[in-house]
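**Q** Below is one structure. I have some questions about it.
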Amino acid sequence: MSGQSTQWLATARLLRRAGFGASGPQIDAVAKQDPSVYLDTVLGLDADRDPGAVATPRPMPVTPPTGYTTAAQLNAVNQELERQMKDLTAWWVRRMVAVEEPIHEKLTLLWHNHFATSAQKVPFAVWMGAQNQTLRTLKLGDFRTLAVAMLSDAAMLYWLDGFSNNANRPNENLSREFMELFTLGHGDGYSEMDVWEGARALTGWNIGPSGQTVVESDQHDPDVKTVLGVTGNLDYLSLIHISEPTRQAEI
């Protein structure tokens, strides 16, 4: 049996959940505080002013220029893309280790795990870096705002083939994962037809060279669709509203 108090053990668990581990002296210091006051305080901090964050500035990758014509030029571009992605990945690991109050990094990681993407497929570090910034900016806001951002995010659209989903060839990947993993949960009230109709609602996305995303009207399916009992000329914003857990409680 541990010789520590119940308060100390509860604080240790709190710090492990809010960060990436904690030392005895750190637990001692927080155990003397009201836990709700402590959480309000650290959540209210400006994460970018944390000394560890200041000491580990984020790299600013750019999309390499296009127009190369030789195998050597293509190889050089691929090497640069790989270097940028490694730099971005290493930066985030260093920042998670370096920060004094890790709760903001832990929450960013939580949402990254929820809206899962990977450098194994996404080709540009600039897209992954922009997504990381979106997650850390919106991590404490409402879920709908975050879902809207992720469903129109370049890295997400590329990862789940949303950029190749058009009216002539609907691709179900993004619709399925959005319902199954991001909002409703596996098998929770939606059918295969809902997934198919959701894919039609998500048609038309295109990704520009620097990661800007837009719905191309000539690639979007304009016909009536029905998802989870809601019928209309549905688009991605409609799908988010229909799929929200709070919305589902109302239907």
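Chain labels run A, B, ... following the order of the structure tokens; each chain numbers its residues from 1, and ligands are numbered from 1 in the order shown.
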Leu43 (chain A): which residues within 10 Å, counting only C-alpha atoms, same-chain residues fewer than 4 positions away excluded, as a ChimeraX atom specification?

**A** /A:37-39,47,101-104,140

**Q** Do a neighbour search on region 113-130 of chain A at 10 Å with only C-alpha atoms, toss out local chain neighbours closer than 3 positions, and write the hits as JSON, numbers by chain.

**A** {"A": [58, 59, 60, 61, 62, 63, 64, 78, 80, 81, 82, 83, 84, 85, 86, 87, 88, 89, 92, 107, 108, 109, 110, 133, 134, 135, 146, 147, 150, 151, 153, 154, 155, 156, 157, 158, 159, 160, 177, 178, 181, 182, 183, 209, 210, 211, 212]}

**Q** Contacts of region 200-206 of chain A at 10 Å or less, counting only C-alpha atoms, minus same-chain residues fewer than 4 places along, as a count of residues only?

**A** 47

**Q** In Å, rounded to a single decimal, give me how far CA of Asn132 (chain A) is from CA of Thr145 (chain A).

**A**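 Taking CA of Thr145 (chain A) as the start and CA of Asn132 (chain A) as the end point, the length is 15.1 Å.
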
**Q** One number please: CA of Arg95 (chain A) to CA of Gly208 (chain A), in Å, one decimal.

**A**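 Here the two named atoms are 29.2 Å from each other.
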
**Q** What residues in region 17-117 of chain A get the DSSP label alpha helix (DSSP H)? Please answer as number ranges by chain.

**A** A: 17-18, 24-31, 35-43, 51-54, 71-98, 103-114

**Q** Go through A:Glu244, A:Ala53, A:Gly24, A:Ala18 one by one, measure the shortest atom-to-atom distance of each to Gly185 (chain A) using only C-alpha atoms, and give the residue with the smallest value.

**A**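 Under the stated criterion, the closest residue is A:Glu244.
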
**Q** Here is a test: counting only C-alpha atoms, which residue of A:Lys139, A:Arg144, A:His241, A:Arg49 is nearest to Glu100 (chain A)?

**A**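 When distances to Glu100 (chain A) are compared using only C-alpha atoms, the smallest one comes from A:Arg49.
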
**Q** I need the residue nearest Ala22 (chain A) from this list: A:Val97, A:Val77, A:Ile207, A:Val42. Use only C-alpha atoms for the distance.

**A**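 Smallest separation from Ala22 (chain A) among the options: A:Val97.
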